[in-house]
Structures are given as C-alpha cells and as structure tokens.
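**Q** my_file.txt (compact mmCIF, C-alpha atoms) pasted underneath:
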# COMPACT_ATOMS: atom_id res chain seq x y z
CA MET C 6 99.43 -174.73 -238.46
CA LEU C 7 96.34 -172.54 -238.30
CA GLN C 8 94.73 -174.83 -235.78
CA LYS C 9 97.82 -174.75 -233.64
CA SER C 10 97.97 -170.95 -233.58
CA ARG C 11 94.28 -170.82 -232.69
CA LYS C 12 94.97 -173.14 -229.79
CA ILE C 13 97.79 -170.88 -228.66
CA THR C 14 95.62 -167.79 -228.75
CA PHE C 15 92.96 -169.64 -226.78
CA ILE C 16 95.50 -170.53 -224.10
CA LEU C 17 96.75 -166.95 -224.08
CA ALA C 18 93.18 -165.75 -223.60
CA ILE C 19 92.70 -168.03 -220.60
CA ILE C 20 96.01 -166.90 -219.10
CA SER C 21 95.13 -163.26 -219.56
CA ALA C 22 91.73 -163.88 -217.98
CA ILE C 23 93.50 -165.34 -214.93
CA ILE C 24 95.81 -162.31 -214.86
CA GLY C 25 92.78 -160.03 -215.07
CA VAL C 26 91.10 -161.71 -212.10
CA MET C 27 94.33 -161.47 -210.11
CA LEU C 28 94.69 -157.80 -211.02
CA THR C 29 91.21 -156.87 -209.89
CA VAL C 30 91.47 -158.86 -206.68
CA GLN C 31 94.76 -157.16 -205.91
CA LEU C 32 93.32 -153.76 -206.74
CA ARG C 33 90.28 -154.36 -204.60
CA SER C 34 92.21 -155.54 -201.61
CA SER C 35 94.75 -152.75 -201.81
CA LEU C 36 92.09 -150.06 -202.29
CA ASP C 37 89.95 -151.09 -199.33
CA PRO C 38 91.65 -153.76 -197.24
CA VAL C 39 89.70 -156.22 -195.15
CA HIS C 40 89.45 -154.90 -191.61
CA LYS C 41 90.21 -157.42 -188.97
CA GLU C 42 89.61 -157.10 -185.27
CA SER C 43 93.13 -156.86 -183.97
CA ARG C 44 92.92 -154.14 -181.39
CA SER C 45 94.51 -154.64 -178.04
CA ILE C 46 92.62 -154.40 -174.79
CA ALA C 47 94.17 -150.98 -174.16
CA GLU C 48 92.84 -149.64 -177.45
CA LEU C 49 89.45 -151.14 -176.77
CA ARG C 50 89.49 -149.58 -173.32
CA ALA C 51 90.38 -146.21 -174.80
CA SER C 52 87.60 -146.37 -177.34
CA LEU C 53 85.17 -147.54 -174.70
CA GLN C 54 86.19 -144.57 -172.59
CA LYS C 55 85.59 -142.26 -175.51
CA GLU C 56 82.18 -143.75 -176.17
CA LEU C 57 81.26 -143.52 -172.50
CA GLU C 58 82.24 -139.87 -172.52
CA LYS C 59 80.04 -139.33 -175.54
CA HIS C 60 77.26 -141.17 -173.79
CA LYS C 61 77.65 -138.99 -170.73
CA ASN C 62 77.56 -135.85 -172.84
CA LEU C 63 74.43 -137.05 -174.56
CA LEU C 64 72.82 -137.81 -171.22
CA ALA C 65 73.73 -134.33 -170.02
CA ASP C 66 72.13 -132.93 -173.17
CA ILE C 67 68.99 -134.92 -172.52
CA SER C 68 68.68 -133.66 -168.98
CA LYS C 69 69.33 -130.10 -170.13
CA TYR C 70 66.61 -130.29 -172.75
CA ASN C 71 64.29 -131.96 -170.28
CA GLN C 72 64.81 -129.05 -167.95
CA LEU C 73 64.14 -126.59 -170.74
CA TYR C 74 61.06 -128.54 -171.65
CA TYR C 75 59.79 -128.28 -168.11
CA GLN C 76 60.50 -124.58 -168.05
CA TYR C 77 58.51 -124.04 -171.22
CA GLU C 78 55.75 -126.20 -169.88
CA THR C 79 55.49 -124.10 -166.76
CA ALA C 80 55.69 -120.89 -168.74
CA LEU C 81 53.00 -122.01 -171.15
CA SER C 82 50.45 -123.11 -168.64
CA GLU C 83 50.45 -121.07 -165.52
CA ASP C 84 47.24 -122.72 -164.35
CA GLU C 85 48.79 -126.13 -164.81
CA SER C 86 51.87 -125.20 -162.87
CA LEU C 87 50.71 -127.25 -159.93
CA SER C 88 50.57 -130.43 -161.98
CA VAL C 89 53.93 -129.63 -163.53
CA MET C 90 55.39 -129.15 -160.08
CA LYS C 91 53.89 -132.43 -158.99
CA GLU C 92 55.41 -134.14 -161.99
CA GLU C 93 58.75 -132.60 -161.21
CA LEU C 94 58.44 -133.74 -157.62
CA ALA C 95 57.66 -137.27 -158.76
CA ARG C 96 60.68 -137.21 -161.06
CA ASN C 97 62.92 -136.00 -158.29
CA ARG C 98 61.57 -138.61 -155.91
CA LYS C 99 62.37 -141.24 -158.49
CA MET C 100 65.88 -139.90 -159.02
CA GLY C 101 66.40 -139.57 -155.30
CA GLY C 102 65.47 -143.16 -154.67
CA MET C 103 62.29 -142.55 -152.72
CA VAL C 104 60.10 -144.68 -154.94
CA ALA C 105 60.56 -148.18 -156.31
CA VAL C 106 61.68 -148.35 -159.94
CA GLU C 107 61.76 -151.09 -162.49
CA GLY C 108 63.31 -151.76 -165.86
CA PRO C 109 66.04 -153.80 -167.54
CA GLY C 110 69.16 -154.44 -165.49
CA ILE C 111 71.43 -157.03 -164.00
CA ILE C 112 71.58 -159.03 -160.79
CA LEU C 113 74.97 -159.82 -159.27
CA ASN C 114 75.24 -162.59 -156.74
CA ILE C 115 78.45 -162.83 -154.76
CA VAL C 116 78.61 -166.34 -153.37
CA ASP C 117 81.26 -168.60 -151.91
CA GLN C 118 83.33 -170.45 -154.44
CA VAL C 119 82.12 -174.02 -154.64
CA TYR C 120 84.89 -176.59 -154.91
CA ASP C 121 84.31 -179.95 -156.44
CA GLU C 122 85.43 -182.55 -153.89
CA HIS C 123 86.24 -185.13 -156.53
CA VAL C 124 88.65 -182.92 -158.39
CA MET C 125 90.70 -182.27 -155.28
CA ASP C 126 93.73 -184.35 -154.55
CA GLU C 127 95.77 -184.18 -151.37
CA HIS C 128 98.61 -182.16 -152.91
CA VAL C 129 96.45 -179.15 -153.41
CA PRO C 130 95.78 -177.31 -150.17
CA VAL C 131 92.08 -177.06 -149.52
CA PRO C 132 91.13 -173.39 -149.58
CA VAL C 133 89.42 -172.06 -146.53
CA ILE C 134 85.92 -171.40 -147.69
CA GLY C 135 84.50 -168.33 -146.10
CA GLY C 136 87.88 -167.56 -144.58
CA TYR C 137 88.17 -164.38 -146.57
CA THR C 138 85.52 -161.78 -146.30
CA ILE C 139 84.40 -158.99 -148.51
CA ASP C 140 85.10 -155.53 -147.18
CA ASP C 141 83.12 -152.36 -147.54
CA GLU C 142 85.81 -151.24 -149.96
CA ASP C 143 85.06 -154.09 -152.35
CA LEU C 144 81.36 -153.31 -152.36
CA ARG C 145 82.00 -149.61 -152.87
CA TRP C 146 84.28 -150.41 -155.78
CA LEU C 147 81.64 -152.62 -157.36
CA VAL C 148 78.90 -150.04 -156.85
CA ASN C 149 81.09 -147.32 -158.32
CA ILE C 150 81.71 -149.42 -161.42
CA LEU C 151 77.98 -149.91 -161.81
CA PHE C 152 77.17 -146.22 -161.38
CA ALA C 153 80.03 -145.13 -163.63
CA ASN C 154 78.66 -147.28 -166.42
CA GLY C 155 75.19 -145.86 -166.45
CA ALA C 156 73.35 -147.71 -163.70
CA GLN C 157 70.31 -145.66 -162.75
CA ALA C 158 69.56 -147.38 -159.46
CA VAL C 159 71.49 -149.89 -157.39
CA SER C 160 70.45 -151.92 -154.39
CA ILE C 161 72.44 -154.24 -152.14
CA ASN C 162 70.44 -157.01 -150.48
CA GLY C 163 67.31 -154.95 -151.01
CA HIS C 164 68.73 -151.66 -149.73
CA ARG C 165 68.42 -148.98 -152.34
CA LEU C 166 71.49 -146.78 -152.60
CA ILE C 167 70.97 -143.04 -152.76
CA ALA C 168 73.31 -140.10 -153.08
CA THR C 169 74.13 -139.98 -149.38
CA THR C 170 74.36 -143.72 -148.76
CA ALA C 171 77.39 -144.89 -146.82
CA ILE C 172 78.83 -148.38 -147.15
CA ARG C 173 81.22 -149.11 -144.33
CA ASN C 174 82.62 -151.78 -142.10
CA VAL C 175 81.34 -151.77 -138.56
CA GLY C 176 83.10 -154.47 -136.67
CA ASP C 177 82.91 -157.61 -138.73
CA VAL C 178 79.86 -156.68 -140.72
CA ILE C 179 79.14 -154.20 -143.43
CA GLN C 180 76.60 -151.52 -142.82
CA ILE C 181 74.72 -149.72 -145.50
CA ASP C 182 73.57 -146.50 -143.92
CA THR C 183 72.42 -147.90 -140.59
CA ARG C 184 71.48 -151.41 -141.58
CA THR C 185 73.78 -154.37 -141.60
CA VAL C 186 73.97 -156.63 -144.60
CA GLN C 187 75.11 -160.22 -144.43
CA PRO C 188 76.61 -162.37 -147.14
CA PRO C 189 75.67 -163.67 -149.64
CA TYR C 190 75.39 -160.26 -151.23
CA GLU C 191 72.95 -159.63 -153.99
CA LEU C 192 73.36 -156.46 -156.02
CA LYS C 193 70.67 -155.24 -158.36
CA ALA C 194 71.46 -152.54 -160.89
CA LEU C 195 69.12 -150.85 -163.32
CA GLY C 196 70.74 -149.93 -166.61
CA GLU C 197 71.80 -151.20 -170.00
CA PRO C 198 72.58 -154.87 -169.18
CA GLU C 199 75.13 -155.31 -171.97
CA VAL C 200 77.06 -152.19 -170.98
CA LEU C 201 77.08 -153.11 -167.30
CA LEU C 202 78.18 -156.68 -167.93
CA SER C 203 80.98 -155.67 -170.27
CA ALA C 204 82.13 -152.99 -167.83
CA LEU C 205 82.33 -155.60 -165.07
CA LYS C 206 84.31 -157.85 -167.34
CA LEU C 207 86.64 -155.04 -168.35
CA GLU C 208 87.34 -154.02 -164.76
CA GLY C 209 88.20 -157.61 -163.85
CA VAL C 210 85.53 -157.97 -161.19
CA GLU C 211 85.38 -161.74 -161.60
CA GLU C 212 89.11 -162.18 -161.05
CA TYR C 213 89.19 -159.73 -158.18
CA PHE C 214 86.56 -161.57 -156.19
CA GLN C 215 88.11 -164.90 -157.05
CA LEU C 216 91.11 -163.81 -154.97
CA SER C 217 88.89 -163.89 -151.90
CA ASN C 218 87.28 -167.18 -152.90
CA LYS C 219 84.08 -165.56 -153.99
CA HIS C 220 82.21 -166.20 -157.17
CA VAL C 221 80.30 -163.45 -158.93
CA ILE C 222 77.26 -164.64 -160.83
CA ALA C 223 75.93 -161.98 -163.15
CA GLU C 224 72.49 -162.33 -164.61
CA LYS C 225 70.62 -160.22 -167.14
CA GLN C 226 67.05 -159.24 -166.28
CA ASP C 227 64.47 -157.72 -168.58
CA ASN C 228 62.29 -156.46 -165.80
CA LEU C 229 64.06 -155.76 -162.56
CA MET C 230 62.38 -154.19 -159.55
CA ILE C 231 64.44 -152.06 -157.19
CA PRO C 232 62.70 -151.03 -153.99
CA ALA C 233 62.60 -147.52 -152.60
CA ASN C 234 65.01 -146.33 -150.00
CA THR C 235 63.28 -146.71 -146.68
CA GLU C 236 65.80 -144.81 -144.63
CA GLU C 237 64.25 -141.96 -142.76
CA ARG C 238 65.80 -138.68 -143.80
CA ARG C 239 65.53 -135.44 -141.99
CA ILE C 240 66.85 -132.10 -143.00
CA ARG C 241 68.59 -130.83 -139.94
CA PHE C 242 71.38 -128.51 -140.79
CA MET C 243 70.16 -126.61 -143.77
CA LYS C 244 67.58 -123.94 -144.21
CA THR C 245 66.51 -122.08 -147.29
CA VAL C 246 67.79 -118.54 -147.46
CA LYS C 247 64.94 -116.05 -147.33
CA GLU C 248 65.60 -113.25 -149.75
CA LYS C 249 64.15 -109.92 -148.82
CA GLY C 250 62.01 -108.07 -151.28
CA ASP C 251 61.92 -110.86 -153.78
CA SER C 252 58.64 -112.67 -154.29
CA MET F 18 94.92 -162.20 -232.15
CA TRP F 19 92.27 -160.20 -230.29
CA LEU F 20 91.24 -163.19 -228.23
CA PRO F 21 93.85 -162.60 -225.44
CA LEU F 22 92.69 -159.00 -225.04
CA ILE F 23 89.07 -160.13 -224.82
CA GLY F 24 90.20 -162.72 -222.28
CA LEU F 25 91.88 -159.99 -220.21
CA ILE F 26 88.74 -157.86 -220.25
CA VAL F 27 86.59 -160.86 -219.32
CA GLY F 28 88.99 -161.60 -216.46
CA LEU F 29 88.79 -158.01 -215.20
CA VAL F 30 85.00 -158.06 -215.34
CA VAL F 31 84.81 -161.43 -213.59
CA GLY F 32 87.20 -160.17 -210.93
CA PHE F 33 85.03 -157.14 -210.32
CA LEU F 34 81.87 -159.20 -210.18
CA LEU F 35 83.32 -161.82 -207.83
CA ASP F 36 84.23 -159.15 -205.29
CA TRP F 37 86.97 -161.18 -203.67
CA ARG F 38 89.13 -159.46 -201.13
CA VAL F 39 92.40 -160.81 -199.88
CA PRO F 40 93.27 -160.13 -196.23
CA GLN F 41 96.09 -157.65 -195.85
CA GLU F 42 98.65 -160.14 -194.57
CA TYR F 43 98.25 -162.26 -197.70
CA SER F 44 98.09 -159.44 -200.23
CA SER F 45 101.90 -159.42 -200.64
CA TYR F 46 101.79 -163.03 -201.86
CA LEU F 47 99.13 -162.19 -204.40
CA SER F 48 101.11 -159.20 -205.60
CA ILE F 49 104.18 -161.40 -206.09
CA ALA F 50 102.14 -163.97 -207.98
CA LEU F 51 100.74 -161.17 -210.10
CA LEU F 52 104.22 -159.84 -210.83
CA ALA F 53 105.40 -163.34 -211.81
CA GLY F 54 102.37 -163.71 -214.08
CA LEU F 55 103.03 -160.38 -215.76
CA ASP F 56 106.67 -161.32 -216.21
CA THR F 57 105.65 -164.56 -217.90
CA ILE F 58 103.23 -162.73 -220.16
CA PHE F 59 105.89 -160.28 -221.32
CA GLY F 60 108.36 -163.13 -221.70
CA GLY F 61 105.81 -164.86 -223.90
CA ILE F 62 105.34 -161.77 -226.06
CA ARG F 63 109.08 -161.43 -226.40
CA SER F 64 109.58 -165.05 -227.42
CA PHE F 65 106.67 -164.72 -229.82
CA LEU F 66 108.38 -161.77 -231.48
CA GLU F 67 111.66 -163.67 -231.54
CA ARG F 68 109.79 -166.63 -233.07
CA THR F 69 110.91 -168.98 -230.31
CA PHE F 70 107.52 -169.19 -228.68
CA ASN F 71 106.64 -172.55 -227.17
CA VAL F 72 103.26 -173.11 -225.57
CA ARG F 73 104.53 -175.65 -223.10
CA ILE F 74 107.32 -173.45 -221.84
CA PHE F 75 104.96 -170.54 -221.63
CA LEU F 76 102.25 -172.41 -219.74
CA SER F 77 104.63 -174.16 -217.35
CA GLY F 78 106.47 -170.86 -216.82
CA PHE F 79 103.26 -169.08 -215.96
CA PHE F 80 101.98 -171.55 -213.38
CA PHE F 81 105.34 -172.51 -211.89
CA ASN F 82 106.54 -168.94 -211.61
CA THR F 83 103.40 -167.66 -209.93
CA LEU F 84 103.13 -170.58 -207.52
CA PHE F 85 106.82 -170.66 -206.70
CA ALA F 86 107.03 -166.92 -206.21
CA ALA F 87 104.10 -166.92 -203.80
CA GLY F 88 105.30 -170.12 -202.10
CA LEU F 89 108.84 -168.86 -201.63
CA ALA F 90 107.56 -165.59 -200.22
CA PHE F 91 105.34 -167.59 -197.84
CA ILE F 92 108.22 -169.78 -196.69
CA GLY F 93 110.40 -166.70 -196.33
CA GLY F 94 107.77 -165.21 -194.05
CA PHE F 95 108.07 -168.28 -191.83
CA LEU F 96 111.87 -168.22 -191.81
CA GLY F 97 112.04 -164.50 -191.19
CA ILE F 98 113.80 -163.85 -194.49
CA ASP F 99 112.24 -161.31 -196.81
CA LEU F 100 112.36 -163.63 -199.79
CA TYR F 101 109.54 -161.73 -201.44
CA LEU F 102 111.91 -158.80 -201.89
CA ALA F 103 114.22 -161.07 -203.87
CA ALA F 104 111.29 -162.24 -205.97
CA ILE F 105 110.18 -158.66 -206.59
CA VAL F 106 113.67 -157.60 -207.66
CA ALA F 107 114.21 -160.67 -209.86
CA PHE F 108 110.86 -160.45 -211.59
CA GLY F 109 111.06 -156.68 -211.85
CA VAL F 110 114.43 -156.81 -213.56
CA ARG F 111 113.25 -159.53 -215.91
CA LEU F 112 110.08 -157.60 -216.67
CA PHE F 113 112.00 -154.49 -217.67
CA ASN F 114 114.50 -156.56 -219.67
CA ASN F 115 111.67 -158.20 -221.57
CA LEU F 116 110.02 -154.84 -222.17
CA ALA F 117 113.29 -153.42 -223.50
CA VAL F 118 113.77 -156.36 -225.86
CA ILE F 119 110.17 -156.09 -227.09
CA ARG F 120 110.62 -152.38 -227.70
CA ARG F 121 113.85 -152.96 -229.63
CA ILE F 122 112.32 -155.67 -231.79
CA VAL F 123 109.25 -153.57 -232.58
CA LEU F 124 111.38 -150.51 -233.31
CA SER F 125 113.79 -152.39 -235.61
CA ARG F 126 110.88 -153.89 -237.53
CA TRP F 127 109.32 -150.48 -237.93
CA ILE F 128 112.60 -149.05 -239.19
CA ASN F 129 113.04 -151.97 -241.57
CA GLN F 130 109.56 -151.36 -242.94
CA GLU F 131 110.29 -147.69 -243.55
CA GLU F 132 113.44 -148.54 -245.45
Here is the file; what I need is its structure written in the form of structure tokens.

**A**
Amino acid sequence: MLQKSRKITFILAIISAIIGVMLTVQLRSSLDPVHKESRSIAELRASLQKELEKHKNLLADISKYNQLYYQYETALSEDESLSVMKEELARNRKMGGMVAVEGPGIILNIVDQVYDEHVMDEHVPVPVIGGYTIDDEDLRWLVNILFANGAQAVSINGHRLIATTAIRNVGDVIQIDTRTVQPPYELKALGEPEVLLSALKLEGVEEYFQLSNKHVIAEKQDNLMIPANTEERRIRFMKTVKEKGDS
Amino acid sequence: MWLPLIGLIVGLVVGFLLDWRVPQEYSSYLSIALLAGLDTIFGGIRSFLERTFNVRIFLSGFFFNTLFAAGLAFIGGFLGIDLYLAAIVAFGVRLFNNLAVIRRIVLSRWINQEE
C-alpha cells in the first residue's frame, strides 16, 4: 500500500512538472510574444518613407554642421582663409559635378529583353524586339528615383548629371543637355548600393521596363567612377549685386 | 506528499531555463491544453479527497484532455468554428465545480474536527 501511494505521488510530481513547464511557456509567450514579419508592402513603404525622412534630416544636419565648421575654421585662421576658400571651392566643384568622383554605387544596364528561341512555340506571338523605345520620361523617372534615395552622383552613358541637366526627346533620340545618347543605356549612381537597389525594387522599375521589352540589370559596385560633367557652362544672365558702402 | 509541489517548482524552473516561446497564433492551443491540465489536476485532488482516486483514470484524463482540447481547438480553427471557446467554457465550469467540491470537503472535515 505504501509503495503504491509513493508511486502515485511520483506520477503526480511528474504531472505537476509538466504543468509547470506549460505554465512558464504560456507566461513567456503571452508576456513577450514572438514577433513575426507580417507587415504588408504598404506598411513597409510607410516605414521606409519615415526612415528616409529621418535620413534626409540627418543629412541636412550634417551639412549644417559642416557649414558651421567651415565658418569656425575661417574665423579661427584668418591667414589660412585662402586655403579654406580653396577647400570650399573644391567641395562645391565636387557637388556641382565638375570633377570626377568615385565610391560605392550601382550600375544599371537597360538592355533589350532576350527571348529564348527554344521556349517559344507558334501560339505565342513573337514580341517585337526593339519595337518599343525608352522615352526621356522613363529616364527622368529612373534618375529621380536614384536621386530621391540618396544617390550623390548619377551618369547616363558617361554623361554626368548636374543640377541643370535636361533629359529630353529630340526627334527619335534622347538628348542629355546637348549630347545624344543611344541605347543600350548605362546608368551609374553613387550612393548606398543596398538602399538604391531596394528603392528600385520598391518602385517597380523592373516591371515597368519589362512592359517595353527592356531588361534592367542592376549591379553593385564597391568602387565606381563617375566622370565629371564636361558641358561648357557660362554665366550669362546673372550678375552679382554690388552693395554700396559694404566691404 | 510534498513531492508534487517540488515537481511543480522543478517544472517552473525548467520552463524558465528552457526559454521556449510559442508563436502567437499557437498560444491559444497551449492555453487550452494548460486549462485542461489544471482541470485534471483539480479533478484528481477532488477524487483523492473523496477517496475515489485512480491513477489510471487520472493519467489518461490528463493526457487525453490536454491533447483533445488542443486538437479540437486546432480542428475548429480549420473549420471556422470557435471550438476553443467551448473547451474554455467546459473546462472552466468543471474547474470551478471541482474547486467548490474541494472547498466543501475541506470545510466539512475541519468542522468535524472541531466538533
């Protein structure tokens, strides 16, 4: 009888141990539930937008503090003001696209869609390769996506884009400023490769160009060289205002 | 008699050390299984006090109740019927019934002792 009751208590102990484990697991999972990635593309887009905004604000902060830093620099060393001015000039030339720059970035190649002859059967109409062309609008859209997502410098077929660059259709060809570019187009963009690639994916660039039988090949590059803008620029319509008395 | 309590504490400690976490969509099944287990435990205590305790009934009740409760809730999820609500109500009612009976038995024994 004693042995039997001992057996019973042993079984009870095992059962209560199981209950204890279940209790703690339940407690744990109700206190801090496992987070699973179940956000929709809209939510992801919204949070990406928020992060981009934050990024932009931070960039603005950086440029503000850089400016302050330059001001202090000039104030501190009056004799070195020439070198500071030179530095500033170099920086502006870089920002303005007058010198070649290099860094991490991506290369986009827009090429004709290649169709496998063997896959085709006669029921499927053969698409007219090269029958659809890319307009200036498409290139502008692409460039805007790149710039909006932090690209520092962009070139199309070796033409560096600057603030006043125009991309437009002239007849059947696309002109960038005054030079014509011919397909296949190759875009180079300096910036965070991951951010640029995911932005392209999010905007549906691949699908968009597929509609006109073009294939976009994106490629990450650790060290990308973007040439300077070689367009000749003249200041014709603006003059600095001369203030009387001052300086 | 203290062995079950020690077992409970050991179970709690093991549960904390294991650090298992159930995904949220399955946590309702675990909670139902837990409720069924608790119900069986209280049923066992009650039958023990009524001197009708049987290990086999207790053991089979524990495992079958927990598994069936969770399984029925799972199937209900597939069929679109909230069967887990039925399980919660059934086990909840039984749990409180058992508790009431246990309380009455303990109270009557205490009163008997005083007299």

**Q** I want to know what sits within 9 Å of Gln157 in chain C, based on only C-alpha atoms, with residues of the same chain fewer than 4 positions away left out; could you give that as a PyMOL selection string?

**A** chain C and resi 100+151-152+194-196

**Q** Within 9 Å of chain F, which residues belong to chain C? Use only C-alpha atoms and report them as a list in words.

**A**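 Every residue of chain C that passes the 9 Å test is in Arg11, Ile13, Thr14, Phe15, Ile16, Leu17, Ala18, Ile19, Ile20, Ser21, Ala22, Ile23, Ile24, Gly25, Val26, Met27, Leu28, Thr29, Val30, Gln31, Arg33, Ser34, Ser35, Asp37, Pro38, Val39, His40 and Lys41 of chain C.
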
**Q** Please produce an output containing C-alpha atoms for each residue in the selection, written as a CSV table (one decimal), in the coordinates of the input.

**A**
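Below is the file selection_34.csv, written as the result:
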chain,number,residue,atom,x,y,z
C,11,ARG,CA,94.3,-170.8,-232.7
C,13,ILE,CA,97.8,-170.9,-228.7
C,14,THR,CA,95.6,-167.8,-228.8
C,15,PHE,CA,93.0,-169.6,-226.8
C,16,ILE,CA,95.5,-170.5,-224.1
C,17,LEU,CA,96.8,-167.0,-224.1
C,18,ALA,CA,93.2,-165.8,-223.6
C,19,ILE,CA,92.7,-168.0,-220.6
C,20,ILE,CA,96.0,-166.9,-219.1
C,21,SER,CA,95.1,-163.3,-219.6
C,22,ALA,CA,91.7,-163.9,-218.0
C,23,ILE,CA,93.5,-165.3,-214.9
C,24,ILE,CA,95.8,-162.3,-214.9
C,25,GLY,CA,92.8,-160.0,-215.1
C,26,VAL,CA,91.1,-161.7,-212.1
C,27,MET,CA,94.3,-161.5,-210.1
C,28,LEU,CA,94.7,-157.8,-211.0
C,29,THR,CA,91.2,-156.9,-209.9
C,30,VAL,CA,91.5,-158.9,-206.7
C,31,GLN,CA,94.8,-157.2,-205.9
C,33,ARG,CA,90.3,-154.4,-204.6
C,34,SER,CA,92.2,-155.5,-201.6
C,35,SER,CA,94.8,-152.8,-201.8
C,37,ASP,CA,90.0,-151.1,-199.3
C,38,PRO,CA,91.6,-153.8,-197.2
C,39,VAL,CA,89.7,-156.2,-195.2
C,40,HIS,CA,89.4,-154.9,-191.6
C,41,LYS,CA,90.2,-157.4,-189.0

**Q** Would you mind reading off the distance between CA of Asn162 in chain C and CA of Val186 in chain C, one decimal, in Å?

**A** 6.9 Å

**Q** To one decimal place, how far is CA of Arg50 in chain C from CA of Ile167 in chain C in Å?

**A**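 That distance, rounded to one decimal, is 28.4 Å.
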
**Q** What's around Asp140 in chain C at 9 Å? Count only C-alpha atoms, leave out sequence neighbours fewer than 6 positions away in its own chain, and write the answer as an MDAnalysis selection string.

**A** chainID C and resid 173:174 177:179

**Q** Could you work out how far CA of Val148 in chain C lies from CA of Arg238 in chain C, giving the answer in Å with one decimal?

**A**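 If I compute the distance from CA of Arg238 in chain C to CA of Val148 in chain C, I get 21.7 Å.
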
**Q** From the list F:Ala87, F:Asn114, F:Gly97, F:Arg126, which residue is nearest Leu66 in chain F when using all atoms listed in the file?

**A**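 Among the listed residues, the smallest separation from Leu66 in chain F belongs to F:Arg126.
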
**Q** Find the residue from C:Glu58, C:Glu92, C:Asp182, C:Glu211 that sits nearest to Ala168 in chain C; use only C-alpha atoms when measuring.

**A**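 Closest to Ala168 in chain C, using only C-alpha atoms: C:Asp182.
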
**Q** Assuming the input is short of atoms at range 101-122 of chain F, produce N, CA and C atoms for that part as a compact mmCIF listing (two decimals), keeping the file's coordinate frame.

**A**
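Done, and the output landed in result-v9.txt:
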# COMPACT_ATOMS: atom_id res chain seq x y z
N TYR F 101 110.40 -162.35 -200.43
CA TYR F 101 109.54 -161.73 -201.44
C TYR F 101 110.20 -160.52 -202.07
N LEU F 102 111.15 -159.91 -201.30
CA LEU F 102 111.91 -158.80 -201.89
C LEU F 102 112.76 -159.31 -203.04
N ALA F 103 113.40 -160.48 -202.81
CA ALA F 103 114.22 -161.07 -203.87
C ALA F 103 113.36 -161.37 -205.09
N ALA F 104 112.18 -161.92 -204.85
CA ALA F 104 111.29 -162.24 -205.97
C ALA F 104 110.89 -160.98 -206.71
N ILE F 105 110.59 -159.91 -205.95
CA ILE F 105 110.18 -158.66 -206.59
C ILE F 105 111.31 -158.12 -207.46
N VAL F 106 112.53 -158.13 -206.90
CA VAL F 106 113.67 -157.60 -207.66
C VAL F 106 113.90 -158.44 -208.92
N ALA F 107 113.93 -159.78 -208.71
CA ALA F 107 114.21 -160.67 -209.86
C ALA F 107 113.18 -160.49 -210.95
N PHE F 108 111.91 -160.55 -210.56
CA PHE F 108 110.86 -160.45 -211.59
C PHE F 108 110.80 -159.06 -212.19
N GLY F 109 111.07 -158.04 -211.34
CA GLY F 109 111.06 -156.68 -211.85
C GLY F 109 112.13 -156.48 -212.90
N VAL F 110 113.33 -156.95 -212.60
CA VAL F 110 114.43 -156.81 -213.56
C VAL F 110 114.10 -157.53 -214.86
N ARG F 111 113.58 -158.75 -214.71
CA ARG F 111 113.25 -159.53 -215.91
C ARG F 111 112.15 -158.85 -216.71
N LEU F 112 111.18 -158.28 -215.99
CA LEU F 112 110.08 -157.60 -216.67
C LEU F 112 110.61 -156.45 -217.51
N PHE F 113 111.49 -155.64 -216.93
CA PHE F 113 112.00 -154.49 -217.67
C PHE F 113 112.90 -154.92 -218.82
N ASN F 114 113.68 -156.02 -218.58
CA ASN F 114 114.50 -156.56 -219.67
C ASN F 114 113.64 -156.96 -220.85
N ASN F 115 112.56 -157.73 -220.52
CA ASN F 115 111.67 -158.20 -221.57
C ASN F 115 111.05 -157.03 -222.33
N LEU F 116 110.62 -156.03 -221.55
CA LEU F 116 110.02 -154.84 -222.17
C LEU F 116 111.01 -154.17 -223.11
N ALA F 117 112.28 -154.07 -222.67
CA ALA F 117 113.29 -153.42 -223.50
C ALA F 117 113.50 -154.19 -224.79
N VAL F 118 113.56 -155.53 -224.66
CA VAL F 118 113.77 -156.36 -225.86
C VAL F 118 112.59 -156.21 -226.81
N ILE F 119 111.37 -156.24 -226.25
CA ILE F 119 110.17 -156.09 -227.09
C ILE F 119 110.21 -154.75 -227.82
N ARG F 120 110.56 -153.71 -227.10
CA ARG F 120 110.62 -152.38 -227.70
C ARG F 120 111.63 -152.35 -228.83
N ARG F 121 112.81 -152.96 -228.60
CA ARG F 121 113.85 -152.96 -229.63
C ARG F 121 113.39 -153.70 -230.88
N ILE F 122 112.77 -154.87 -230.64
CA ILE F 122 112.32 -155.67 -231.79
C ILE F 122 111.29 -154.89 -232.61
